[in-house]
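Asks: run34.txt is reproduced below (compact mmCIF, C-alpha atoms (C1' of nucleotides)).
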```txt
# COMPACT_ATOMS: atom_id res chain seq x y z
CA MET V 1 -23.13 42.50 -98.44
CA SER V 2 -25.94 42.55 -100.97
CA PRO V 3 -29.58 42.54 -99.83
CA THR V 4 -30.08 38.98 -101.08
CA GLN V 5 -27.01 37.80 -99.21
CA ALA V 6 -28.23 39.54 -96.08
CA ARG V 7 -31.58 37.79 -96.32
CA SER V 8 -29.74 34.56 -96.87
CA THR V 9 -27.69 34.82 -93.70
CA THR V 10 -30.70 35.74 -91.59
CA THR V 11 -32.67 32.83 -93.02
CA ARG V 12 -29.72 30.56 -92.28
CA ALA V 13 -29.63 31.80 -88.72
CA ARG V 14 -33.39 31.39 -88.32
CA ILE V 15 -33.15 27.82 -89.53
CA LEU V 16 -30.31 27.03 -87.13
CA SER V 17 -32.16 28.56 -84.22
CA ALA V 18 -35.33 26.65 -85.11
CA ALA V 19 -33.32 23.43 -85.43
CA GLN V 20 -31.81 23.91 -81.97
CA ALA V 21 -35.28 24.42 -80.53
CA GLN V 22 -36.68 21.33 -82.23
CA PHE V 23 -33.73 19.08 -81.40
CA ALA V 24 -33.84 20.25 -77.77
CA LYS V 25 -37.57 19.63 -77.54
CA ASP V 26 -37.98 16.35 -79.41
CA GLY V 27 -34.58 14.72 -79.76
CA TYR V 28 -32.92 13.78 -83.02
CA GLU V 29 -35.36 11.26 -84.48
CA ARG V 30 -38.61 13.05 -83.69
CA ALA V 31 -37.38 16.43 -84.90
CA THR V 32 -38.24 16.69 -88.60
CA ILE V 33 -36.85 18.89 -91.33
CA ARG V 34 -40.41 19.97 -92.04
CA ALA V 35 -41.00 21.10 -88.46
CA VAL V 36 -37.73 23.01 -88.41
CA ALA V 37 -38.61 24.79 -91.64
CA SER V 38 -42.09 25.57 -90.40
CA LEU V 39 -40.77 27.04 -87.13
CA ALA V 40 -38.23 29.07 -89.09
CA GLY V 41 -40.98 30.35 -91.39
CA THR V 42 -39.31 28.96 -94.47
CA ASP V 43 -39.15 25.93 -96.71
CA PRO V 44 -37.89 22.37 -96.03
CA ALA V 45 -35.85 22.46 -99.22
CA LEU V 46 -33.88 25.46 -97.95
CA VAL V 47 -32.89 23.58 -94.81
CA ILE V 48 -31.30 20.88 -96.93
CA ARG V 49 -29.78 23.42 -99.27
CA TYR V 50 -28.03 25.24 -96.44
CA TYR V 51 -27.03 22.34 -94.22
CA GLY V 52 -26.82 19.46 -96.66
CA SER V 53 -28.68 16.89 -94.61
CA LYS V 54 -30.34 16.31 -91.28
CA GLU V 55 -27.01 15.09 -89.89
CA GLY V 56 -25.32 18.28 -91.09
CA LEU V 57 -28.02 20.36 -89.46
CA PHE V 58 -27.56 18.49 -86.21
CA ALA V 59 -23.81 18.96 -86.28
CA ALA V 60 -24.25 22.69 -86.83
CA ALA V 61 -26.78 22.89 -84.00
CA THR V 62 -24.42 21.42 -81.41
CA HIS V 63 -21.21 23.36 -81.81
CA PHE V 64 -20.42 25.04 -78.57
CA ASP V 65 -18.01 25.47 -75.69
CA LEU V 66 -18.53 24.73 -72.02
CA CYS V 67 -16.53 27.87 -71.13
CA LEU V 68 -15.29 26.28 -67.94
CA PRO V 69 -13.70 28.63 -65.41
CA SER V 70 -10.11 28.03 -64.47
CA LEU V 71 -10.24 25.99 -61.27
CA ASP V 72 -6.78 26.93 -60.03
CA HIS V 73 -7.93 30.46 -59.32
CA VAL V 74 -10.55 29.45 -56.75
CA ALA V 75 -10.03 28.21 -53.23
CA HIS V 76 -9.46 24.47 -53.21
CA ALA V 77 -12.43 23.93 -50.92
CA ASP V 78 -14.75 25.68 -53.40
CA ILE V 79 -14.00 23.83 -56.63
CA GLY V 80 -17.03 21.54 -56.28
CA GLU V 81 -19.42 24.42 -55.82
CA THR V 82 -17.73 26.39 -58.59
CA LEU V 83 -18.26 23.53 -61.04
CA VAL V 84 -21.91 22.81 -60.29
CA ARG V 85 -22.71 26.53 -60.21
CA HIS V 86 -21.14 26.95 -63.63
CA PHE V 87 -23.12 24.06 -65.12
CA LEU V 88 -26.40 25.28 -63.64
CA ALA V 89 -25.74 28.71 -65.13
CA LEU V 90 -25.09 27.05 -68.48
CA TRP V 91 -28.45 25.26 -68.35
CA GLU V 92 -30.51 28.05 -66.88
CA GLY V 93 -28.71 31.14 -68.11
CA ASN V 94 -30.54 33.89 -69.89
CA PRO V 95 -30.68 32.93 -72.65
CA ALA V 96 -29.99 29.30 -71.82
CA ASP V 97 -27.70 27.56 -74.27
CA PRO V 98 -29.78 24.74 -75.77
CA SER V 99 -26.72 22.79 -76.90
CA LEU V 100 -26.34 20.66 -73.79
CA ARG V 101 -30.03 19.83 -73.75
CA ILE V 102 -29.84 18.88 -77.42
CA LEU V 103 -26.83 16.64 -76.90
CA LEU V 104 -28.27 14.93 -73.83
CA ARG V 105 -31.61 14.28 -75.53
CA ALA V 106 -29.94 12.92 -78.65
CA ALA V 107 -27.02 11.04 -77.13
CA VAL V 108 -28.98 8.05 -75.88
CA THR V 109 -29.82 6.96 -79.44
CA HIS V 110 -27.38 8.97 -81.56
CA ALA V 111 -23.84 7.63 -81.61
CA GLU V 112 -22.26 10.87 -82.77
CA ALA V 113 -23.97 12.86 -80.05
CA ALA V 114 -22.70 10.40 -77.45
CA THR V 115 -19.20 10.79 -78.85
CA ARG V 116 -19.57 14.55 -78.63
CA ILE V 117 -20.51 14.39 -74.95
CA ARG V 118 -17.57 12.12 -74.19
CA GLY V 119 -15.41 14.63 -76.04
CA LEU V 120 -16.70 17.52 -73.94
CA PHE V 121 -15.62 15.84 -70.74
CA ALA V 122 -12.35 14.52 -72.18
CA GLU V 123 -11.26 17.79 -73.78
CA GLN V 124 -12.73 20.44 -71.49
CA VAL V 125 -13.65 19.04 -68.08
CA LEU V 126 -10.73 16.64 -67.72
CA PRO V 127 -8.00 19.26 -68.34
CA ALA V 128 -9.63 21.63 -65.87
CA ILE V 129 -9.71 18.87 -63.28
CA ARG V 130 -6.16 17.76 -63.98
CA VAL V 131 -4.90 21.14 -62.82
CA VAL V 132 -6.38 20.80 -59.35
CA ALA V 133 -6.32 17.00 -58.95
CA PRO V 134 -3.29 15.42 -60.63
CA ASP V 135 -4.01 11.95 -59.21
CA ARG V 136 -6.50 9.89 -61.24
CA PRO V 137 -8.02 12.92 -63.00
CA ALA V 138 -9.85 10.73 -65.55
CA LEU V 139 -11.63 8.80 -62.82
CA ARG V 140 -12.56 12.05 -61.09
CA ALA V 141 -13.82 13.54 -64.34
CA GLY V 142 -15.95 10.46 -65.00
CA LEU V 143 -17.50 10.63 -61.54
CA VAL V 144 -18.17 14.34 -61.99
CA ALA V 145 -19.79 13.55 -65.34
CA SER V 146 -22.05 10.95 -63.75
CA GLN V 147 -23.37 13.39 -61.16
CA ILE V 148 -23.61 16.43 -63.44
CA LEU V 149 -25.32 14.58 -66.27
CA GLY V 150 -27.56 12.72 -63.84
CA LEU V 151 -28.62 16.01 -62.29
CA ALA V 152 -29.31 17.48 -65.73
CA LEU V 153 -31.25 14.40 -66.76
CA CYS V 154 -33.45 14.44 -63.67
CA ARG V 155 -33.95 18.21 -63.41
CA TYR V 156 -34.32 19.25 -67.05
CA ILE V 157 -35.34 16.14 -69.01
CA LEU V 158 -37.20 13.73 -66.73
CA GLU V 159 -38.41 16.52 -64.42
CA VAL V 160 -38.10 14.41 -61.28
CA PRO V 161 -39.64 16.09 -58.23
CA PRO V 162 -38.48 17.79 -56.16
CA LEU V 163 -35.29 18.40 -58.17
CA VAL V 164 -37.15 20.12 -60.99
CA ASP V 165 -38.65 22.76 -58.71
CA MET V 166 -35.70 23.50 -56.44
CA LYS V 167 -34.03 26.88 -56.45
CA PRO V 168 -30.59 26.83 -58.07
CA ASP V 169 -28.84 27.69 -54.81
CA ASP V 170 -30.50 24.76 -53.07
CA VAL V 171 -29.43 22.39 -55.83
CA ILE V 172 -25.90 23.71 -55.56
CA ALA V 173 -25.88 23.19 -51.79
CA CYS V 174 -26.84 19.54 -52.24
CA ILE V 175 -24.60 18.63 -55.16
CA ALA V 176 -21.46 20.69 -54.48
CA PRO V 177 -20.18 18.46 -51.65
CA THR V 178 -20.48 15.44 -53.92
CA LEU V 179 -18.38 17.04 -56.64
CA GLN V 180 -15.95 18.31 -54.03
CA ARG V 181 -15.41 14.75 -52.84
CA TYR V 182 -14.99 13.45 -56.40
CA LEU V 183 -12.46 16.19 -57.08
CA ALA V 184 -10.52 16.26 -53.85
CA ALA V 185 -11.00 13.00 -51.96
CA PRO V 186 -7.78 11.13 -51.18
CA LEU V 187 -7.35 7.95 -53.17
CA ASP V 188 -7.18 5.74 -50.10
CA GLY V 189 -10.38 5.78 -48.13
CA GLY V 190 -12.70 7.82 -50.32
CA PHE V 191 -11.89 5.80 -53.40
CA THR V 192 -10.87 2.26 -53.98
CA ALA V 193 -7.19 1.60 -54.58
CA ASN V 194 -7.60 -0.16 -57.91
CA ALA V 195 -10.10 2.00 -59.75
CA MET X 1 -53.67 -26.00 -73.52
CA SER X 2 -53.96 -26.95 -77.18
CA PRO X 3 -50.85 -27.14 -79.40
CA THR X 4 -51.86 -24.01 -81.31
CA GLN X 5 -52.38 -22.06 -78.11
CA ALA X 6 -49.01 -23.22 -76.85
CA ARG X 7 -47.33 -22.04 -80.02
CA SER X 8 -49.18 -18.77 -79.65
CA THR X 9 -47.88 -18.09 -76.16
CA THR X 10 -44.31 -18.93 -77.09
CA THR X 11 -44.51 -16.67 -80.13
CA ARG X 12 -45.92 -13.95 -77.90
CA ALA X 13 -43.02 -14.39 -75.51
CA ARG X 14 -40.49 -14.38 -78.33
CA ILE X 15 -41.92 -11.14 -79.66
CA LEU X 16 -41.81 -9.52 -76.24
CA SER X 17 -38.22 -10.62 -75.69
CA ALA X 18 -37.20 -9.35 -79.12
CA ALA X 19 -38.97 -6.05 -78.45
CA GLN X 20 -37.09 -5.59 -75.19
CA ALA X 21 -33.80 -6.22 -76.98
CA GLN X 22 -34.61 -3.76 -79.77
CA PHE X 23 -35.93 -1.02 -77.49
CA ALA X 24 -32.87 -1.40 -75.25
CA LYS X 25 -30.51 -1.22 -78.20
CA ASP X 26 -32.05 1.51 -80.34
CA GLY X 27 -34.53 3.44 -78.22
CA TYR X 28 -38.19 3.87 -78.98
CA GLU X 29 -38.14 5.70 -82.30
CA ARG X 30 -35.39 3.71 -84.02
CA ALA X 31 -36.76 0.35 -82.96
CA THR X 32 -39.16 -0.80 -85.67
CA ILE X 33 -41.92 -3.36 -85.64
CA ARG X 34 -40.22 -5.01 -88.60
CA ALA X 35 -36.94 -5.42 -86.76
CA VAL X 36 -38.72 -6.84 -83.72
CA ALA X 37 -40.59 -9.36 -85.86
CA SER X 38 -37.43 -10.29 -87.70
CA LEU X 39 -35.51 -10.87 -84.48
CA ALA X 40 -38.39 -12.93 -83.12
CA GLY X 41 -38.46 -14.97 -86.31
CA THR X 42 -42.03 -14.08 -87.08
CA ASP X 43 -44.18 -11.55 -88.92
CA PRO X 44 -44.72 -7.82 -88.36
CA ALA X 45 -48.48 -8.31 -88.54
CA LEU X 46 -48.37 -10.70 -85.59
CA VAL X 47 -46.66 -8.11 -83.44
CA ILE X 48 -49.53 -5.72 -84.00
CA ARG X 49 -52.08 -8.50 -83.59
CA TYR X 50 -50.72 -9.42 -80.17
CA TYR X 51 -49.85 -6.02 -78.76
CA GLY X 52 -52.19 -3.71 -80.66
CA SER X 53 -49.66 -1.03 -81.54
CA LYS X 54 -46.06 0.02 -81.09
CA GLU X 55 -47.08 1.90 -77.96
CA GLY X 56 -48.75 -1.21 -76.57
CA LEU X 57 -45.66 -3.25 -77.29
CA PHE X 58 -43.51 -0.69 -75.51
CA ALA X 59 -45.79 -0.68 -72.48
CA ALA X 60 -45.62 -4.48 -72.31
CA ALA X 61 -41.83 -4.40 -72.66
CA THR X 62 -41.31 -2.15 -69.64
CA HIS X 63 -43.35 -3.75 -66.89
CA PHE X 64 -41.04 -4.66 -64.07
CA ASP X 65 -40.12 -4.24 -60.45
CA LEU X 66 -36.94 -2.81 -58.95
CA CYS X 67 -37.11 -5.48 -56.21
CA LEU X 68 -35.46 -3.14 -53.74
CA PRO X 69 -34.16 -4.70 -50.55
CA SER X 70 -35.61 -3.55 -47.26
CA LEU X 71 -33.20 -0.91 -46.00
CA ASP X 72 -34.18 -1.17 -42.34
CA HIS X 73 -32.55 -4.58 -42.10
CA VAL X 74 -29.05 -3.34 -42.95
CA ALA X 75 -26.67 -1.35 -40.78
CA HIS X 76 -27.40 2.35 -41.12
CA ALA X 77 -23.86 3.04 -42.29
CA ASP X 78 -24.26 0.58 -45.17
CA ILE X 79 -27.48 1.77 -46.81
CA GLY X 80 -25.65 3.75 -49.50
CA GLU X 81 -23.53 0.79 -50.52
CA THR X 82 -26.54 -1.52 -50.36
CA LEU X 83 -28.49 0.68 -52.77
CA VAL X 84 -25.78 1.14 -55.39
CA ARG X 85 -24.84 -2.54 -55.21
CA HIS X 86 -28.45 -3.49 -55.80
CA PHE X 87 -28.76 -1.22 -58.83
CA LEU X 88 -25.52 -2.46 -60.35
CA ALA X 89 -26.72 -6.04 -59.93
CA LEU X 90 -29.96 -5.04 -61.67
CA TRP X 91 -28.03 -3.65 -64.63
CA GLU X 92 -25.33 -6.25 -64.86
CA GLY X 93 -27.04 -9.34 -63.45
CA ASN X 94 -27.09 -12.60 -65.33
CA PRO X 95 -29.33 -12.25 -67.17
CA ALA X 96 -29.45 -8.47 -66.95
CA ASP X 97 -32.96 -7.05 -66.87
CA PRO X 98 -33.22 -4.83 -69.97
CA SER X 99 -36.14 -2.85 -68.58
CA LEU X 100 -34.11 -0.07 -66.99
CA ARG X 101 -31.97 0.33 -70.08
CA ILE X 102 -35.12 0.48 -72.21
CA LEU X 103 -36.72 3.10 -70.00
CA LEU X 104 -33.60 5.26 -69.80
CA ARG X 105 -33.03 5.15 -73.56
CA ALA X 106 -36.66 5.99 -74.28
CA ALA X 107 -37.38 8.47 -71.50
CA VAL X 108 -35.53 11.41 -73.01
CA THR X 109 -37.97 11.62 -75.94
CA HIS X 110 -40.91 9.51 -74.76
CA ALA X 111 -43.18 11.19 -72.25
CA GLU X 112 -44.73 7.98 -70.98
CA ALA X 113 -41.34 6.41 -70.36
CA ALA X 114 -40.28 9.49 -68.39
CA THR X 115 -43.45 9.20 -66.32
CA ARG X 116 -42.65 5.55 -65.69
CA ILE X 117 -39.18 6.39 -64.38
CA ARG X 118 -40.58 9.07 -62.09
CA GLY X 119 -43.07 6.45 -60.90
CA LEU X 120 -40.33 3.97 -60.11
CA PHE X 121 -38.60 6.40 -57.79
CA ALA X 122 -41.82 7.72 -56.30
CA GLU X 123 -43.41 4.33 -55.66
CA GLN X 124 -40.44 2.07 -54.95
CA VAL X 125 -37.32 4.06 -54.06
CA LEU X 126 -39.02 6.78 -52.02
CA PRO X 127 -40.88 4.39 -49.66
CA ALA X 128 -37.68 2.43 -49.06
CA ILE X 129 -35.86 5.65 -48.23
CA ARG X 130 -38.65 6.96 -46.03
CA VAL X 131 -38.12 4.05 -43.65
CA VAL X 132 -34.51 4.96 -42.94
CA ALA X 133 -34.63 8.73 -43.47
CA PRO X 134 -37.94 10.24 -42.35
CA ASP X 135 -36.76 13.83 -42.83
CA ARG X 136 -37.10 15.14 -46.41
CA PRO X 137 -37.29 11.67 -47.99
CA ALA X 138 -38.46 13.06 -51.34
CA LEU X 139 -35.43 15.32 -51.61
CA ARG X 140 -33.14 12.43 -50.69
CA ALA X 141 -34.83 10.15 -53.24
CA GLY X 142 -34.41 12.78 -55.93
CA LEU X 143 -30.72 13.18 -55.17
CA VAL X 144 -30.27 9.40 -55.19
CA ALA X 145 -32.06 9.28 -58.55
CA SER X 146 -29.73 11.92 -59.99
CA GLN X 147 -26.61 9.94 -59.06
CA ILE X 148 -27.95 6.48 -59.89
CA LEU X 149 -29.39 7.50 -63.25
CA GLY X 150 -26.31 9.58 -64.03
CA LEU X 151 -24.09 6.60 -63.32
CA ALA X 152 -26.26 4.36 -65.50
CA LEU X 153 -26.26 6.94 -68.27
CA CYS X 154 -22.48 7.32 -68.27
CA ARG X 155 -21.57 3.66 -67.71
CA TYR X 156 -24.13 1.84 -69.86
CA ILE X 157 -25.42 4.32 -72.44
CA LEU X 158 -22.76 6.96 -73.14
CA GLU X 159 -19.90 4.61 -72.20
CA VAL X 160 -17.82 7.36 -70.63
CA PRO X 161 -14.30 6.22 -69.76
CA PRO X 162 -13.16 5.11 -67.30
CA LEU X 163 -16.60 4.44 -65.78
CA VAL X 164 -17.55 1.97 -68.49
CA ASP X 165 -14.54 -0.28 -67.83
CA MET X 166 -14.42 -0.20 -64.05
CA LYS X 167 -15.08 -3.31 -62.01
CA PRO X 168 -18.43 -3.22 -60.19
CA ASP X 169 -16.76 -3.18 -56.78
CA ASP X 170 -14.70 -0.15 -57.74
CA VAL X 171 -17.79 1.67 -58.94
CA ILE X 172 -19.54 0.83 -55.71
CA ALA X 173 -16.61 2.13 -53.67
CA CYS X 174 -16.79 5.49 -55.45
CA ILE X 175 -20.55 5.99 -55.50
CA ALA X 176 -21.66 4.47 -52.20
CA PRO X 177 -20.40 7.37 -50.03
CA THR X 178 -22.36 9.80 -52.20
CA LEU X 179 -25.60 7.88 -51.73
CA GLN X 180 -24.84 7.45 -48.05
CA ARG X 181 -24.59 11.22 -47.70
CA TYR X 182 -27.80 11.79 -49.67
CA LEU X 183 -29.58 9.26 -47.45
CA ALA X 184 -28.15 10.07 -44.05
CA ALA X 185 -26.71 13.59 -44.04
CA PRO X 186 -28.22 15.91 -41.45
CA LEU X 187 -30.38 18.63 -42.92
CA ASP X 188 -28.26 21.43 -41.51
CA GLY X 189 -24.78 21.45 -42.92
CA GLY X 190 -24.94 18.78 -45.59
CA PHE X 191 -28.09 20.20 -47.11
CA THR X 192 -29.54 23.62 -47.32
CA ALA X 193 -32.24 24.51 -44.84
CA ASN X 194 -34.86 25.48 -47.41
CA ALA X 195 -34.60 22.72 -50.00
C1' DG S 1 -52.52 -19.09 -85.44
C1' DT S 2 -49.77 -17.46 -89.11
C1' DC S 3 -48.48 -14.99 -93.05
C1' DT S 4 -48.92 -12.27 -97.74
C1' DA S 5 -50.19 -8.17 -99.66
C1' DT S 6 -51.04 -3.64 -99.25
C1' DA S 7 -53.19 0.59 -97.56
C1' DA S 8 -52.14 5.15 -95.65
C1' DT S 9 -48.69 8.19 -93.80
C1' DT S 10 -44.60 10.37 -93.17
C1' DC S 11 -39.98 11.11 -93.84
C1' DG S 12 -35.45 12.90 -96.07
C1' DA S 13 -33.87 14.58 -100.14
C1' DT S 14 -33.99 16.28 -105.15
C1' DA S 15 -35.25 18.81 -109.49
C1' DG S 16 -36.38 22.73 -111.43
C1' DA S 17 -39.38 27.01 -111.95
C1' DC S 18 -39.42 31.88 -110.59
C1' DG W 1 -32.16 33.21 -102.93
C1' DT W 2 -36.55 31.11 -102.46
C1' DC W 3 -40.24 28.06 -103.17
C1' DT W 4 -43.51 24.39 -105.53
C1' DA W 5 -43.81 19.86 -106.66
C1' DT W 6 -42.44 15.44 -106.14
C1' DC W 7 -39.54 11.29 -105.82
C1' DG W 8 -38.19 7.15 -103.39
C1' DA W 9 -37.89 4.91 -99.25
C1' DA W 10 -39.36 3.77 -94.81
C1' DT W 11 -42.74 3.42 -91.37
C1' DT W 12 -47.19 1.75 -88.71
C1' DA W 13 -51.18 -0.60 -89.26
C1' DT W 14 -54.97 -3.23 -91.66
C1' DA W 15 -57.50 -6.74 -94.61
C1' DG W 16 -57.93 -11.10 -95.81
C1' DA W 17 -56.06 -15.69 -97.63
C1' DC W 18 -54.38 -20.14 -95.85
```
Would you encode the structure as structure tokens?
Replies:
Amino acid sequence: MSPTQARSTTTRARILSAAQAQFAKDGYERATIRAVASLAGTDPALVIRYYGSKEGLFAAATHFDLCLPSLDHVAHADIGETLVRHFLALWEGNPADPSLRILLRAAVTHAEAATRIRGLFAEQVLPAIRVVAPDRPALRAGLVASQILGLALCRYILEVPPLVDMKPDDVIACIAPTLQRYLAAPLDGGFTANA
Amino acid sequence: MSPTQARSTTTRARILSAAQAQFAKDGYERATIRAVASLAGTDPALVIRYYGSKEGLFAAATHFDLCLPSLDHVAHADIGETLVRHFLALWEGNPADPSLRILLRAAVTHAEAATRIRGLFAEQVLPAIRVVAPDRPALRAGLVASQILGLALCRYILEVPPLVDMKPDDVIACIAPTLQRYLAAPLDGGFTANA
DNA sequence: GTCTATAATTCGATAGAC
DNA sequence: GTCTATCGAATTATAGAC
């Protein structure tokens, strides 16, 4: 690789990293090409040159994988805790992946981001759930999504007390039983018969 | 009231109603003064004249009350169902109050809207919960917020299947036990001791 | 009380020099 | 490969006629 090409790839990477930071902080509309370029220490024109448009930059900034663990290798009574622990690690890991924060911030006003989130649960969470809960897996995945995304919204975006200040293990202790019920509750009793 | 004043107040009301519709549909940034004026059948300048600025218009468009029922008048085993049923009615009532949808759409990128949502739970949900659950009411209110807002996000904003197409009673049947546990679970066992 | 015209910014995106 | 300069469009907000 020639020196100019090497500088190019590092600049590209700096721009992408800056874009992720800006999208995560401000959402899609408020994040500007100019701010991204400034944070990356480069020029707005280069951002467009490398990623085509703001939409292209956003698409590049939100490619990722949930890396869900295989749920059939954990004790059936622990699948709820396993799931919430995995998601918390994804949000608070070192370094934390900004992709989920970006998608959640953007999805409420950005149709493509909303589609992406639906895709994450349909293509990654749902199959993992189907393995351990063959009955009504889509309903279970939707309920899991509502609690996981609601927790993320309150803890990381809205910063609702006391959720925002709780230790991860305490959050897990509160939320895990909910997910466990969504994943393992019998259809009669816990759930309605027609859902 | 003179005829001109009467026309003024109706125009004011039309603008406010149009603003609520636009904010609910597009979020804060994408909703424009022009679009609000157009929907209200009037002029962009009038919007500013009446509400001062876009921020002032937004503040006026999100004044409302959750109108929570008093939880100490329902059977203790039914408080979870009562809460989720009330929130669903708020979202899907006829006519549905757009305020919650506006706040949720805006809160992820609008600091004041996020503060408003925190205020709703702190000033209206928390006191109602304190009456029926004196131990750790703030924690319980936060957990309730995470599930209620997560449900609203998935059902009304992201339109996650199958949540978006479920009948209200089926949603209630799935979510009520979760809220019931958040509201009534003993601190040892259901929750961690240090949360 | 209402509207036309426009000021003042700010944005995404492009053209072209170096 | 990078940057300067700028275009064209959109926005909020204002000034002033009717």
Asks: Which residues of chain V sit at most 8 Å from chain S, using only C-alpha atoms (C1' of nucleotides)? Give each one's shortest atom pair and distance in Å (one decimal place), in chain and ascending residue order, as a Markdown table.
Replies:
```
| residue | atom | partner | partner_atom | distance |
| --- | --- | --- | --- | --- |
| V:Thr32 | CA | S:DC11 | C1' | 7.8 |
| V:Ile33 | CA | S:DG12 | C1' | 7.8 |
| V:Ile48 | CA | S:DA13 | C1' | 7.5 |
| V:Ser53 | CA | S:DA13 | C1' | 7.9 |
| V:Lys54 | CA | S:DG12 | C1' | 7.8 |
```
Asks: Convert the current residue selection to file output with C-alpha atoms, as a PDB file, in the frame of the given file.
Replies:
```
ATOM      1  CA  THR V  32     -38.240  16.690 -88.600  1.00  0.00           C
ATOM      2  CA  ILE V  33     -36.850  18.890 -91.330  1.00  0.00           C
ATOM      3  CA  ILE V  48     -31.300  20.880 -96.930  1.00  0.00           C
ATOM      4  CA  SER V  53     -28.680  16.890 -94.610  1.00  0.00           C
ATOM      5  CA  LYS V  54     -30.340  16.310 -91.280  1.00  0.00           C
TER       6      LYS V  54
END
```
Asks: Write out as a compact mmCIF listing (two decimals) with C-alpha atoms, in the frame of the given file every residue belonging to chain V that has an atom at most 8 Å from any atom of chain W, counting only C-alpha atoms (C1' of nucleotides).
Replies:
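As written to disk, result22.txt reads:
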```txt
# COMPACT_ATOMS: atom_id res chain seq x y z
CA THR V 4 -30.08 38.98 -101.08
CA GLN V 5 -27.01 37.80 -99.21
CA SER V 8 -29.74 34.56 -96.87
CA ASP V 43 -39.15 25.93 -96.71
CA LEU V 46 -33.88 25.46 -97.95
```
Asks: Smallest atom-to-atom distance to Asp72 in chain V: which of V:Ile15, V:Cys174, V:Cys154, V:Ile129, using all atoms listed in the file?
Replies: V:Ile129
Asks: Pick out the closest residue to Leu179 in chain V from this set: V:Gly80, V:Gly142, V:Gly93, V:Gly56. Count only C-alpha atoms.
Replies: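 Counting only C-alpha atoms, the residue closest to Leu179 in chain V is V:Gly80.
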Asks: I'd like the interatomic distance between CA of Gln20 in chain X and CA of Leu120 in chain X, to a tenth of an Å.
Replies: 18.1 Å
Asks: Show me a table, sorted first by chain and then by increasing residue number, of the residues of chain V having an atom at most 7 Å from chain X, each with its shortest atom pair and the distance in Å to one decimal, counting only C-alpha atoms and written as a Markdown table.
Replies:
```
| residue | atom | partner | partner_atom | distance |
| --- | --- | --- | --- | --- |
| V:Asp26 | CA | X:Thr109 | CA | 5.9 |
| V:Gly27 | CA | X:Thr109 | CA | 6.0 |
| V:Glu29 | CA | X:Glu29 | CA | 6.6 |
| V:Arg105 | CA | X:Val108 | CA | 5.5 |
| V:Val108 | CA | X:Arg105 | CA | 5.5 |
| V:Thr109 | CA | X:Asp26 | CA | 6.0 |
| V:Ala114 | CA | X:Leu158 | CA | 5.5 |
| V:Arg118 | CA | X:Val160 | CA | 5.9 |
| V:Ala138 | CA | X:Pro162 | CA | 6.8 |
| V:Leu139 | CA | X:Pro162 | CA | 6.0 |
| V:Gly142 | CA | X:Leu163 | CA | 6.1 |
| V:Ser146 | CA | X:Gly150 | CA | 4.5 |
| V:Gln147 | CA | X:Gln147 | CA | 5.2 |
| V:Leu149 | CA | X:Gly150 | CA | 5.6 |
| V:Gly150 | CA | X:Gly150 | CA | 3.4 |
| V:Leu151 | CA | X:Ser146 | CA | 4.8 |
| V:Cys154 | CA | X:Ser146 | CA | 5.8 |
| V:Ile157 | CA | X:Val108 | CA | 6.2 |
| V:Leu158 | CA | X:Ala114 | CA | 5.5 |
| V:Val160 | CA | X:Arg118 | CA | 5.9 |
| V:Pro161 | CA | X:Gly142 | CA | 6.6 |
| V:Pro162 | CA | X:Leu139 | CA | 6.0 |
| V:Leu163 | CA | X:Gly142 | CA | 6.1 |
| V:Met166 | CA | X:Ala195 | CA | 6.6 |
| V:Asp170 | CA | X:Ala195 | CA | 5.5 |
| V:Ala173 | CA | X:Thr192 | CA | 5.8 |
| V:Cys174 | CA | X:Phe191 | CA | 5.3 |
| V:Thr178 | CA | X:Thr178 | CA | 6.2 |
| V:Gly190 | CA | X:Cys174 | CA | 7.0 |
| V:Phe191 | CA | X:Cys174 | CA | 5.3 |
| V:Thr192 | CA | X:Ala173 | CA | 5.7 |
| V:Ala195 | CA | X:Asp170 | CA | 5.5 |
```
Asks: For a test of reading the model, state the distance in Å between CA of Pro134 in chain X and CA of Thr82 in chain X, rounded to one decimal.
Replies: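 Computed distance, CA of Pro134 in chain X to CA of Thr82 in chain X, equals 18.2 Å.
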Asks: Would you mind reading off the distance between CA of Ser17 in chain X and CA of Tyr51 in chain X, one decimal, in Å?
Replies: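 A separation of 12.9 Å between them.
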Asks: Contacts of Leu66 in chain V at 12 Å or less, counting all atoms listed in the file, minus same-chain residues fewer than 6 places along, as an MDAnalysis selection string?
Replies: chainID V and resid 83 86:91 97:100 117 119:125 128
